[in-house]
file entry.cif (mmCIF, N, CA and C atoms)
data_work
loop_
_atom_site.label_atom_id
_atom_site.label_comp_id
_atom_site.auth_asym_id
_atom_site.auth_seq_id
_atom_site.Cartn_x
_atom_site.Cartn_y
_atom_site.Cartn_z
N ILE A 1 -68.67 198.08 63.41
CA ILE A 1 -68.91 196.66 63.65
C ILE A 1 -69.12 196.47 65.14
N PRO A 2 -70.21 195.89 65.56
CA PRO A 2 -70.44 195.64 66.99
C PRO A 2 -69.43 194.64 67.53
N THR A 3 -69.02 194.86 68.74
CA THR A 3 -68.08 193.93 69.38
C THR A 3 -68.54 193.65 70.79
N GLY A 4 -67.75 192.88 71.52
CA GLY A 4 -67.98 192.66 72.94
C GLY A 4 -69.25 191.90 73.22
N LEU A 5 -70.08 192.47 74.08
CA LEU A 5 -71.28 191.78 74.54
C LEU A 5 -72.26 191.46 73.42
N PHE A 6 -72.17 192.18 72.31
CA PHE A 6 -73.04 191.90 71.18
C PHE A 6 -72.91 190.44 70.77
N TYR A 7 -71.69 189.92 70.88
CA TYR A 7 -71.42 188.56 70.43
C TYR A 7 -71.51 187.53 71.55
N SER A 8 -71.81 187.95 72.76
CA SER A 8 -71.87 186.98 73.85
C SER A 8 -73.18 186.23 73.82
N ARG A 9 -73.22 185.11 74.51
CA ARG A 9 -74.43 184.30 74.58
C ARG A 9 -74.66 183.92 76.02
N GLN A 10 -75.88 184.03 76.47
CA GLN A 10 -76.20 183.66 77.85
C GLN A 10 -76.22 182.15 77.96
N ILE A 11 -75.48 181.61 78.91
CA ILE A 11 -75.45 180.17 79.09
C ILE A 11 -76.13 179.74 80.38
N CYS A 12 -76.50 180.69 81.22
CA CYS A 12 -77.24 180.35 82.43
C CYS A 12 -77.90 181.62 82.95
N SER A 13 -78.83 181.42 83.85
CA SER A 13 -79.48 182.56 84.47
C SER A 13 -79.75 182.23 85.93
N PHE A 14 -79.96 183.27 86.71
CA PHE A 14 -80.20 183.09 88.13
C PHE A 14 -81.42 183.89 88.54
N ASP A 15 -82.11 183.40 89.54
CA ASP A 15 -83.23 184.12 90.12
C ASP A 15 -82.75 184.86 91.35
N VAL A 16 -83.47 185.90 91.74
CA VAL A 16 -83.11 186.66 92.93
C VAL A 16 -83.02 185.72 94.13
N GLY A 17 -83.91 184.75 94.21
CA GLY A 17 -83.92 183.81 95.33
C GLY A 17 -82.69 182.93 95.43
N ASP A 18 -81.90 182.87 94.37
CA ASP A 18 -80.68 182.06 94.40
C ASP A 18 -79.63 182.66 95.32
N PHE A 19 -79.76 183.95 95.64
CA PHE A 19 -78.71 184.64 96.37
C PHE A 19 -79.15 185.25 97.69
N ALA A 20 -80.40 185.18 98.02
CA ALA A 20 -80.85 185.82 99.25
C ALA A 20 -81.94 184.98 99.91
N LEU A 21 -82.06 185.15 101.20
CA LEU A 21 -83.16 184.53 101.92
C LEU A 21 -84.47 185.17 101.46
N PRO A 22 -85.60 184.54 101.72
CA PRO A 22 -86.87 185.14 101.28
C PRO A 22 -87.05 186.58 101.76
N THR A 23 -86.43 186.95 102.85
CA THR A 23 -86.56 188.32 103.36
C THR A 23 -85.61 189.27 102.64
N GLY A 24 -84.76 188.74 101.76
CA GLY A 24 -83.81 189.57 101.05
C GLY A 24 -82.50 189.74 101.78
N GLU A 25 -82.34 189.08 102.90
CA GLU A 25 -81.09 189.20 103.67
C GLU A 25 -80.01 188.30 103.06
N TRP A 26 -78.78 188.73 103.25
CA TRP A 26 -77.63 187.94 102.81
C TRP A 26 -77.58 186.66 103.65
N PRO A 27 -77.57 185.49 103.02
CA PRO A 27 -77.68 184.24 103.78
C PRO A 27 -76.37 183.71 104.36
N TYR A 28 -75.25 184.40 104.14
CA TYR A 28 -73.96 183.89 104.55
C TYR A 28 -73.36 184.71 105.68
N THR A 29 -72.50 184.05 106.44
CA THR A 29 -71.77 184.75 107.49
C THR A 29 -70.34 184.98 107.01
N ALA A 30 -69.59 185.77 107.74
CA ALA A 30 -68.18 185.99 107.39
C ALA A 30 -67.42 184.67 107.41
N ALA A 31 -67.78 183.78 108.31
CA ALA A 31 -67.12 182.47 108.39
C ALA A 31 -67.36 181.66 107.11
N ASP A 32 -68.53 181.81 106.50
CA ASP A 32 -68.82 181.10 105.25
C ASP A 32 -67.89 181.54 104.12
N MET A 33 -67.42 182.76 104.18
CA MET A 33 -66.57 183.31 103.13
C MET A 33 -65.08 183.10 103.41
N ASN A 34 -64.74 182.55 104.55
CA ASN A 34 -63.34 182.36 104.92
C ASN A 34 -62.77 181.14 104.21
N ARG A 35 -61.50 181.22 103.86
CA ARG A 35 -60.82 180.09 103.23
C ARG A 35 -60.38 179.10 104.29
N ILE A 36 -60.21 177.87 103.89
CA ILE A 36 -59.70 176.84 104.80
C ILE A 36 -58.24 177.10 105.10
N ASP A 37 -57.49 177.54 104.09
CA ASP A 37 -56.06 177.83 104.24
C ASP A 37 -55.84 179.31 103.95
N ASN A 38 -55.52 180.08 104.97
CA ASN A 38 -55.36 181.52 104.80
C ASN A 38 -53.92 181.95 104.55
N THR A 39 -53.03 181.00 104.25
CA THR A 39 -51.66 181.39 103.96
C THR A 39 -51.60 182.13 102.62
N ASP A 40 -50.53 182.89 102.42
CA ASP A 40 -50.36 183.68 101.21
C ASP A 40 -50.34 182.77 99.98
N ASP A 41 -51.10 183.10 98.96
CA ASP A 41 -51.18 182.31 97.73
C ASP A 41 -49.89 182.32 96.93
N GLU A 42 -49.03 183.31 97.14
CA GLU A 42 -47.81 183.43 96.35
C GLU A 42 -46.96 182.17 96.44
N ALA A 43 -46.87 181.58 97.62
CA ALA A 43 -46.06 180.36 97.79
C ALA A 43 -46.63 179.22 96.95
N PHE A 44 -47.95 179.08 96.96
CA PHE A 44 -48.58 177.99 96.21
C PHE A 44 -48.36 178.14 94.72
N TYR A 45 -48.52 179.36 94.20
CA TYR A 45 -48.45 179.58 92.76
C TYR A 45 -47.06 179.89 92.24
N SER A 46 -46.05 179.92 93.11
CA SER A 46 -44.70 180.26 92.66
C SER A 46 -44.09 179.16 91.79
N GLU A 47 -44.47 177.92 92.00
CA GLU A 47 -43.96 176.80 91.20
C GLU A 47 -45.00 176.39 90.17
N PRO A 48 -44.58 176.12 88.93
CA PRO A 48 -45.55 175.69 87.93
C PRO A 48 -46.15 174.33 88.30
N ARG A 49 -47.42 174.18 88.01
CA ARG A 49 -48.12 172.92 88.24
C ARG A 49 -48.68 172.49 86.89
N LEU A 50 -47.90 171.73 86.18
CA LEU A 50 -48.27 171.33 84.83
C LEU A 50 -49.21 170.12 84.87
N VAL A 51 -50.40 170.39 85.36
CA VAL A 51 -51.44 169.36 85.46
C VAL A 51 -52.69 169.87 84.75
N THR A 52 -53.55 168.94 84.36
CA THR A 52 -54.85 169.35 83.83
C THR A 52 -55.84 169.33 84.98
N HIS A 53 -56.75 170.28 84.96
CA HIS A 53 -57.70 170.43 86.05
C HIS A 53 -59.06 169.83 85.73
N ILE A 54 -59.24 169.44 84.47
CA ILE A 54 -60.45 168.75 84.06
C ILE A 54 -60.04 167.56 83.20
N ASP A 55 -60.92 166.56 83.07
CA ASP A 55 -60.54 165.35 82.34
C ASP A 55 -60.56 165.58 80.83
N ASP A 56 -60.04 164.60 80.09
CA ASP A 56 -59.90 164.73 78.64
C ASP A 56 -61.23 164.98 77.95
N TYR A 57 -62.29 164.29 78.37
CA TYR A 57 -63.60 164.48 77.74
C TYR A 57 -64.10 165.91 77.97
N ALA A 58 -63.88 166.44 79.16
CA ALA A 58 -64.29 167.81 79.45
C ALA A 58 -63.51 168.80 78.58
N ILE A 59 -62.21 168.54 78.41
CA ILE A 59 -61.39 169.40 77.54
C ILE A 59 -61.91 169.35 76.10
N GLU A 60 -62.20 168.15 75.60
CA GLU A 60 -62.73 168.00 74.24
C GLU A 60 -64.05 168.74 74.09
N SER A 61 -64.92 168.61 75.08
CA SER A 61 -66.23 169.27 75.03
C SER A 61 -66.09 170.78 75.04
N LEU A 62 -65.22 171.28 75.90
CA LEU A 62 -65.00 172.72 75.99
C LEU A 62 -64.40 173.26 74.69
N THR A 63 -63.44 172.54 74.14
CA THR A 63 -62.82 172.95 72.88
C THR A 63 -63.86 172.97 71.76
N ALA A 64 -64.74 171.97 71.71
CA ALA A 64 -65.79 171.93 70.70
C ALA A 64 -66.74 173.12 70.87
N TYR A 65 -67.08 173.44 72.11
CA TYR A 65 -67.94 174.60 72.38
C TYR A 65 -67.27 175.89 71.91
N TYR A 66 -66.01 176.07 72.27
CA TYR A 66 -65.28 177.27 71.83
C TYR A 66 -65.21 177.34 70.31
N ARG A 67 -64.95 176.20 69.65
CA ARG A 67 -64.87 176.18 68.19
C ARG A 67 -66.20 176.66 67.59
N GLU A 68 -67.30 176.13 68.09
CA GLU A 68 -68.63 176.51 67.59
C GLU A 68 -68.90 178.00 67.80
N GLU A 69 -68.66 178.48 69.00
CA GLU A 69 -68.95 179.88 69.33
C GLU A 69 -68.02 180.84 68.59
N LEU A 70 -66.73 180.54 68.58
CA LEU A 70 -65.78 181.44 67.93
C LEU A 70 -65.97 181.46 66.41
N THR A 71 -66.34 180.33 65.83
CA THR A 71 -66.63 180.28 64.40
C THR A 71 -67.85 181.14 64.09
N ALA A 72 -68.88 181.04 64.93
CA ALA A 72 -70.09 181.85 64.73
C ALA A 72 -69.77 183.34 64.86
N ILE A 73 -68.96 183.69 65.83
CA ILE A 73 -68.57 185.10 66.01
C ILE A 73 -67.80 185.57 64.78
N SER A 74 -66.89 184.74 64.30
CA SER A 74 -66.10 185.10 63.11
C SER A 74 -67.00 185.34 61.91
N ARG A 75 -67.98 184.46 61.72
CA ARG A 75 -68.91 184.61 60.59
C ARG A 75 -69.70 185.91 60.70
N ARG A 76 -70.16 186.22 61.93
CA ARG A 76 -70.92 187.46 62.12
C ARG A 76 -70.04 188.68 61.83
N LYS A 77 -68.78 188.60 62.22
CA LYS A 77 -67.87 189.72 61.94
C LYS A 77 -67.69 189.90 60.43
N ILE A 78 -67.53 188.80 59.71
CA ILE A 78 -67.38 188.87 58.26
C ILE A 78 -68.65 189.42 57.63
N ASP A 79 -69.80 188.94 58.09
CA ASP A 79 -71.08 189.44 57.57
C ASP A 79 -71.25 190.93 57.87
N GLY A 80 -70.61 191.40 58.95
CA GLY A 80 -70.68 192.81 59.31
C GLY A 80 -69.64 193.68 58.63
N GLY A 81 -68.81 193.06 57.78
CA GLY A 81 -67.85 193.86 57.03
C GLY A 81 -66.39 193.63 57.38
N SER A 82 -66.11 192.80 58.37
CA SER A 82 -64.72 192.52 58.72
C SER A 82 -64.04 191.78 57.56
N LYS A 83 -62.80 192.14 57.28
CA LYS A 83 -62.09 191.51 56.16
C LYS A 83 -61.68 190.08 56.47
N ASP A 84 -61.22 189.82 57.68
CA ASP A 84 -60.70 188.48 57.97
C ASP A 84 -61.50 187.73 59.03
N GLY A 85 -62.34 188.38 59.78
CA GLY A 85 -63.16 187.70 60.79
C GLY A 85 -62.39 187.17 61.98
N THR A 86 -61.17 187.68 62.19
CA THR A 86 -60.41 187.18 63.33
C THR A 86 -61.10 187.53 64.64
N VAL A 87 -60.93 186.66 65.60
CA VAL A 87 -61.54 186.82 66.91
C VAL A 87 -60.43 186.92 67.96
N ASP A 88 -60.44 187.99 68.73
CA ASP A 88 -59.50 188.15 69.84
C ASP A 88 -60.08 187.47 71.08
N VAL A 89 -59.20 186.85 71.87
CA VAL A 89 -59.65 186.11 73.05
C VAL A 89 -58.85 186.55 74.26
N LEU A 90 -59.55 186.73 75.37
CA LEU A 90 -58.91 186.95 76.67
C LEU A 90 -59.15 185.71 77.50
N ASP A 91 -58.10 184.94 77.73
CA ASP A 91 -58.18 183.72 78.54
C ASP A 91 -57.85 184.10 79.98
N MET A 92 -58.88 184.26 80.80
CA MET A 92 -58.69 184.81 82.14
C MET A 92 -58.22 183.79 83.17
N CYS A 93 -58.28 182.54 82.88
CA CYS A 93 -57.79 181.50 83.80
C CYS A 93 -56.80 180.62 83.06
N SER A 94 -55.90 181.24 82.38
CA SER A 94 -54.99 180.53 81.50
C SER A 94 -53.95 179.75 82.29
N SER A 95 -53.46 178.70 81.67
CA SER A 95 -52.45 177.85 82.28
C SER A 95 -51.52 177.37 81.17
N TRP A 96 -50.95 176.21 81.33
CA TRP A 96 -49.95 175.71 80.38
C TRP A 96 -50.57 175.07 79.15
N ILE A 97 -51.84 174.71 79.19
CA ILE A 97 -52.52 174.18 78.01
C ILE A 97 -53.70 175.10 77.69
N SER A 98 -54.15 175.03 76.47
CA SER A 98 -55.28 175.84 76.05
C SER A 98 -56.45 174.93 75.73
N HIS A 99 -57.64 175.41 75.99
CA HIS A 99 -58.85 174.69 75.60
C HIS A 99 -59.43 175.27 74.32
N LEU A 100 -58.73 176.26 73.74
CA LEU A 100 -59.17 176.86 72.49
C LEU A 100 -58.88 175.91 71.34
N PRO A 101 -59.69 175.99 70.26
CA PRO A 101 -59.38 175.17 69.09
C PRO A 101 -58.09 175.65 68.42
N GLU A 102 -57.49 174.79 67.65
CA GLU A 102 -56.27 175.16 66.91
C GLU A 102 -56.58 176.39 66.06
N SER A 103 -55.62 177.28 65.95
CA SER A 103 -55.85 178.54 65.22
C SER A 103 -56.18 178.30 63.74
N GLY A 104 -55.80 177.17 63.18
CA GLY A 104 -56.16 176.86 61.79
C GLY A 104 -57.63 176.57 61.62
N ASN A 105 -58.31 176.17 62.70
CA ASN A 105 -59.73 175.86 62.63
C ASN A 105 -60.62 177.08 62.82
N VAL A 106 -60.12 178.06 63.53
CA VAL A 106 -60.85 179.29 63.82
C VAL A 106 -59.88 180.44 63.63
N PRO A 107 -60.28 181.51 62.95
CA PRO A 107 -59.36 182.62 62.73
C PRO A 107 -59.17 183.45 64.01
N LEU A 108 -58.22 183.04 64.82
CA LEU A 108 -57.95 183.74 66.06
C LEU A 108 -57.00 184.91 65.80
N GLY A 109 -57.25 186.01 66.48
CA GLY A 109 -56.35 187.15 66.43
C GLY A 109 -55.46 187.12 67.64
N ARG A 110 -55.58 188.13 68.49
CA ARG A 110 -54.80 188.16 69.73
C ARG A 110 -55.42 187.17 70.72
N VAL A 111 -54.57 186.39 71.36
CA VAL A 111 -55.00 185.49 72.43
C VAL A 111 -54.17 185.85 73.65
N VAL A 112 -54.79 186.56 74.57
CA VAL A 112 -54.11 187.09 75.74
C VAL A 112 -54.43 186.20 76.94
N GLY A 113 -53.41 185.75 77.62
CA GLY A 113 -53.60 184.89 78.78
C GLY A 113 -53.29 185.59 80.08
N ILE A 114 -54.17 185.41 81.04
CA ILE A 114 -53.93 185.87 82.40
C ILE A 114 -53.97 184.63 83.28
N GLY A 115 -52.91 184.40 84.03
CA GLY A 115 -52.85 183.22 84.86
C GLY A 115 -52.03 183.47 86.11
N MET A 116 -51.81 182.41 86.86
CA MET A 116 -51.17 182.54 88.16
C MET A 116 -49.67 182.24 88.15
N ASN A 117 -49.16 181.67 87.05
CA ASN A 117 -47.76 181.29 87.04
C ASN A 117 -47.14 181.59 85.68
N GLU A 118 -46.08 182.37 85.66
CA GLU A 118 -45.46 182.82 84.41
C GLU A 118 -44.95 181.65 83.57
N LYS A 119 -44.34 180.65 84.18
CA LYS A 119 -43.81 179.51 83.42
C LYS A 119 -44.94 178.72 82.75
N GLU A 120 -46.07 178.59 83.43
CA GLU A 120 -47.22 177.91 82.82
C GLU A 120 -47.72 178.69 81.61
N LEU A 121 -47.79 180.00 81.73
CA LEU A 121 -48.26 180.82 80.61
C LEU A 121 -47.29 180.75 79.44
N GLU A 122 -45.99 180.73 79.73
CA GLU A 122 -44.99 180.63 78.66
C GLU A 122 -45.11 179.31 77.90
N ALA A 123 -45.59 178.26 78.54
CA ALA A 123 -45.72 176.95 77.90
C ALA A 123 -46.99 176.85 77.05
N ASN A 124 -47.91 177.77 77.19
CA ASN A 124 -49.17 177.74 76.46
C ASN A 124 -48.96 178.26 75.04
N LYS A 125 -48.97 177.35 74.08
CA LYS A 125 -48.66 177.70 72.69
C LYS A 125 -49.77 178.50 72.00
N ALA A 126 -50.97 178.51 72.57
CA ALA A 126 -52.07 179.25 71.96
C ALA A 126 -51.98 180.75 72.23
N LEU A 127 -51.27 181.13 73.28
CA LEU A 127 -51.23 182.53 73.65
C LEU A 127 -50.31 183.32 72.72
N THR A 128 -50.76 184.51 72.36
CA THR A 128 -49.92 185.41 71.57
C THR A 128 -49.28 186.46 72.48
N GLU A 129 -49.84 186.63 73.66
CA GLU A 129 -49.27 187.57 74.63
C GLU A 129 -49.81 187.27 76.01
#
call {"tool": "encode", "arguments": {"input": "entry.cif", "output": "structure tokens"}}
result
Amino acid sequence: IPTGLFYSRQICSFDVGDFALPTGEWPYTAADMNRIDNTDDEAFYSEPRLVTHIDDYAIESLTAYYREELTAISRRKIDGGSKDGTVDVLDMCSSWISHLPESGNVPLGRVVGIGMNEKELEANKALTE
């Protein structure tokens, strides 16, 4: 059964000109890549910040998108011979809330969260690990 990129969908594309000057030179200086605040991030992320970073409509839209895509992936897995069509998810910017649809709506398998604060990840009910 194909997995991984087989099930991905391109949502945007870039042209070579988006990243370089017409001569092909890198258009940025080291100063352009510098942060405004260079203090250690550990202090900032040590305390949980139980806030939403996008508004409710954006959350609803993202959840609807995930529901559509994950359902389609599940169907393709079943059509390919999978018994249950469960979909494993790696949430790479996970926090205390999930933008994934409820597991009853989509057959989710493992939902692994990677985030910046352990207490926020513990509060995320969608994560299985």
call {"tool": "resolve_selection", "arguments": {"input": "entry.cif", "expression": "the PyMOL selection byres (((chain A and resi 48-55 and name CA) around 9) and name CA)", "output": "count of residues only"}}
result
16
call {"tool": "residues_around", "arguments": {"input": "entry.cif", "residues": "stretch 63-79 of chain A", "least_positions_apart": "4", "cutoff": "6 Å", "atoms": "only C-alpha atoms", "output": "ChimeraX atom specification"}}
result
/A:85,99-101,106
call {"tool": "resolve_selection", "arguments": {"input": "entry.cif", "expression": "the PyMOL selection byres ((chain A and resi 111) around 7)", "output": "list in words"}}
result
Val87, Asp88, Val89, Leu90, Asp91, Leu108, Gly109, Arg110, Val112, Gly113, Ala126, Leu127, Thr128 and Glu129 of chain A
call {"tool": "select_by_dssp", "arguments": {"input": "entry.cif", "residues": "stretch 3-116 of chain A", "states": "helix (DSSP H, G or I)", "output": "VMD selection string"}}
result
chain A and resid 4 to 7 16 to 18 31 to 33 41 to 45 56 to 79
call {"tool": "atom_distance", "arguments": {"input": "entry.cif", "atom1": "atom CA of A:Arg35", "atom2": "atom CA of A:Thr23"}}
result
27.0 Å
call {"tool": "atom_distance", "arguments": {"input": "entry.cif", "atom1": "atom N of A:Asn105", "atom2": "atom CA of A:Ser82"}}
result
18.0 Å
call {"tool": "decode", "arguments": {"input": "entry.cif", "residues": "stretch 64-76 of chain A", "atoms": "all heavy atoms", "output": "CSV table (one decimal), in the first residue's frame"}}
result
chain,number,residue,atom,x,y,z
A,64,ALA,N,-12.0,21.8,8.7
A,64,ALA,CA,-12.7,21.3,7.5
A,64,ALA,C,-11.8,20.8,6.4
A,64,ALA,O,-12.0,19.7,5.8
A,64,ALA,CB,-13.6,22.4,7.0
A,65,TYR,N,-10.7,21.5,6.2
A,65,TYR,CA,-9.7,21.0,5.2
A,65,TYR,C,-9.1,19.7,5.6
A,65,TYR,O,-9.0,18.8,4.8
A,65,TYR,CB,-8.6,22.1,5.1
A,65,TYR,CG,-7.5,21.6,4.2
A,65,TYR,CD1,-7.6,21.6,2.8
A,65,TYR,CD2,-6.3,21.2,4.8
A,65,TYR,CE1,-6.5,21.1,2.0
A,65,TYR,CE2,-5.2,20.8,4.0
A,65,TYR,CZ,-5.4,20.7,2.6
A,65,TYR,OH,-4.3,20.3,1.9
A,66,TYR,N,-8.7,19.6,6.9
A,66,TYR,CA,-8.1,18.3,7.4
A,66,TYR,C,-9.1,17.2,7.3
A,66,TYR,O,-8.8,16.1,6.9
A,66,TYR,CB,-7.6,18.5,8.8
A,66,TYR,CG,-6.4,19.3,9.0
A,66,TYR,CD1,-6.1,20.0,10.2
A,66,TYR,CD2,-5.4,19.3,8.0
A,66,TYR,CE1,-5.0,20.7,10.4
A,66,TYR,CE2,-4.2,20.0,8.2
A,66,TYR,CZ,-4.0,20.7,9.4
A,66,TYR,OH,-2.9,21.4,9.6
A,67,ARG,N,-10.4,17.5,7.6
A,67,ARG,CA,-11.4,16.4,7.5
A,67,ARG,C,-11.5,15.9,6.1
A,67,ARG,O,-11.5,14.7,5.8
A,67,ARG,CB,-12.8,17.0,8.0
A,67,ARG,CG,-13.9,15.9,8.0
A,67,ARG,CD,-15.2,16.5,8.5
A,67,ARG,NE,-15.1,17.0,9.8
A,67,ARG,CZ,-15.1,18.3,10.1
A,67,ARG,NH1,-15.2,19.2,9.2
A,67,ARG,NH2,-15.0,18.7,11.4
A,68,GLU,N,-11.6,16.8,5.1
A,68,GLU,CA,-11.7,16.5,3.7
A,68,GLU,C,-10.5,15.7,3.3
A,68,GLU,O,-10.6,14.6,2.6
A,68,GLU,CB,-11.8,17.7,2.9
A,68,GLU,CG,-11.9,17.5,1.4
A,68,GLU,CD,-11.9,18.8,0.6
A,68,GLU,OE1,-12.6,19.8,1.1
A,68,GLU,OE2,-11.3,18.9,-0.4
A,69,GLU,N,-9.3,16.1,3.6
A,69,GLU,CA,-8.1,15.5,3.1
A,69,GLU,C,-7.9,14.1,3.8
A,69,GLU,O,-7.5,13.1,3.1
A,69,GLU,CB,-6.9,16.4,3.3
A,69,GLU,CG,-6.8,17.6,2.4
A,69,GLU,CD,-6.7,17.2,1.0
A,69,GLU,OE1,-5.9,16.4,0.6
A,69,GLU,OE2,-7.6,17.7,0.2
A,70,LEU,N,-8.1,14.1,5.1
A,70,LEU,CA,-7.8,12.8,5.8
A,70,LEU,C,-8.9,11.8,5.5
A,70,LEU,O,-8.6,10.6,5.4
A,70,LEU,CB,-7.8,13.1,7.3
A,70,LEU,CG,-6.7,13.9,7.8
A,70,LEU,CD1,-6.9,14.3,9.3
A,70,LEU,CD2,-5.3,13.3,7.6
A,71,THR,N,-10.1,12.2,5.2
A,71,THR,CA,-11.2,11.3,4.8
A,71,THR,C,-10.8,10.7,3.4
A,71,THR,O,-10.9,9.5,3.2
A,71,THR,CB,-12.5,12.0,4.7
A,71,THR,OG1,-12.9,12.4,6.0
A,71,THR,CG2,-13.6,11.0,4.2
A,72,ALA,N,-10.3,11.5,2.5
A,72,ALA,CA,-9.9,11.1,1.2
A,72,ALA,C,-8.7,10.1,1.3
A,72,ALA,O,-8.7,9.1,0.6
A,72,ALA,CB,-9.5,12.3,0.3
A,73,ILE,N,-7.8,10.4,2.1
A,73,ILE,CA,-6.6,9.5,2.3
A,73,ILE,C,-7.1,8.1,2.9
A,73,ILE,O,-6.7,7.1,2.4
A,73,ILE,CB,-5.6,10.1,3.3
A,73,ILE,CG1,-4.9,11.3,2.6
A,73,ILE,CG2,-4.6,9.1,3.7
A,73,ILE,CD1,-4.1,12.2,3.5
A,74,SER,N,-8.0,8.2,3.8
A,74,SER,CA,-8.6,7.0,4.4
A,74,SER,C,-9.3,6.1,3.4
A,74,SER,O,-9.1,4.9,3.3
A,74,SER,CB,-9.6,7.3,5.5
A,74,SER,OG,-10.2,6.2,6.1
A,75,ARG,N,-10.1,6.8,2.5
A,75,ARG,CA,-10.8,6.0,1.4
A,75,ARG,C,-9.8,5.4,0.5
A,75,ARG,O,-10.0,4.2,0.1
A,75,ARG,CB,-11.7,7.0,0.7
A,75,ARG,CG,-12.9,7.3,1.4
A,75,ARG,CD,-13.9,8.1,0.5
A,75,ARG,NE,-15.0,8.6,1.4
A,75,ARG,CZ,-15.3,9.9,1.4
A,75,ARG,NH1,-14.7,10.8,0.6
A,75,ARG,NH2,-16.2,10.4,2.2
A,76,ARG,N,-8.7,6.1,0.1
A,76,ARG,CA,-7.7,5.6,-0.8
A,76,ARG,C,-7.0,4.4,-0.1
A,76,ARG,O,-6.7,3.4,-0.8
A,76,ARG,CB,-6.7,6.6,-1.2
A,76,ARG,CG,-7.3,7.6,-2.2
A,76,ARG,CD,-6.2,8.4,-2.9
A,76,ARG,NE,-5.4,9.2,-2.0
A,76,ARG,CZ,-5.6,10.5,-1.7
A,76,ARG,NH1,-6.7,11.1,-2.2
A,76,ARG,NH2,-4.8,11.2,-0.9
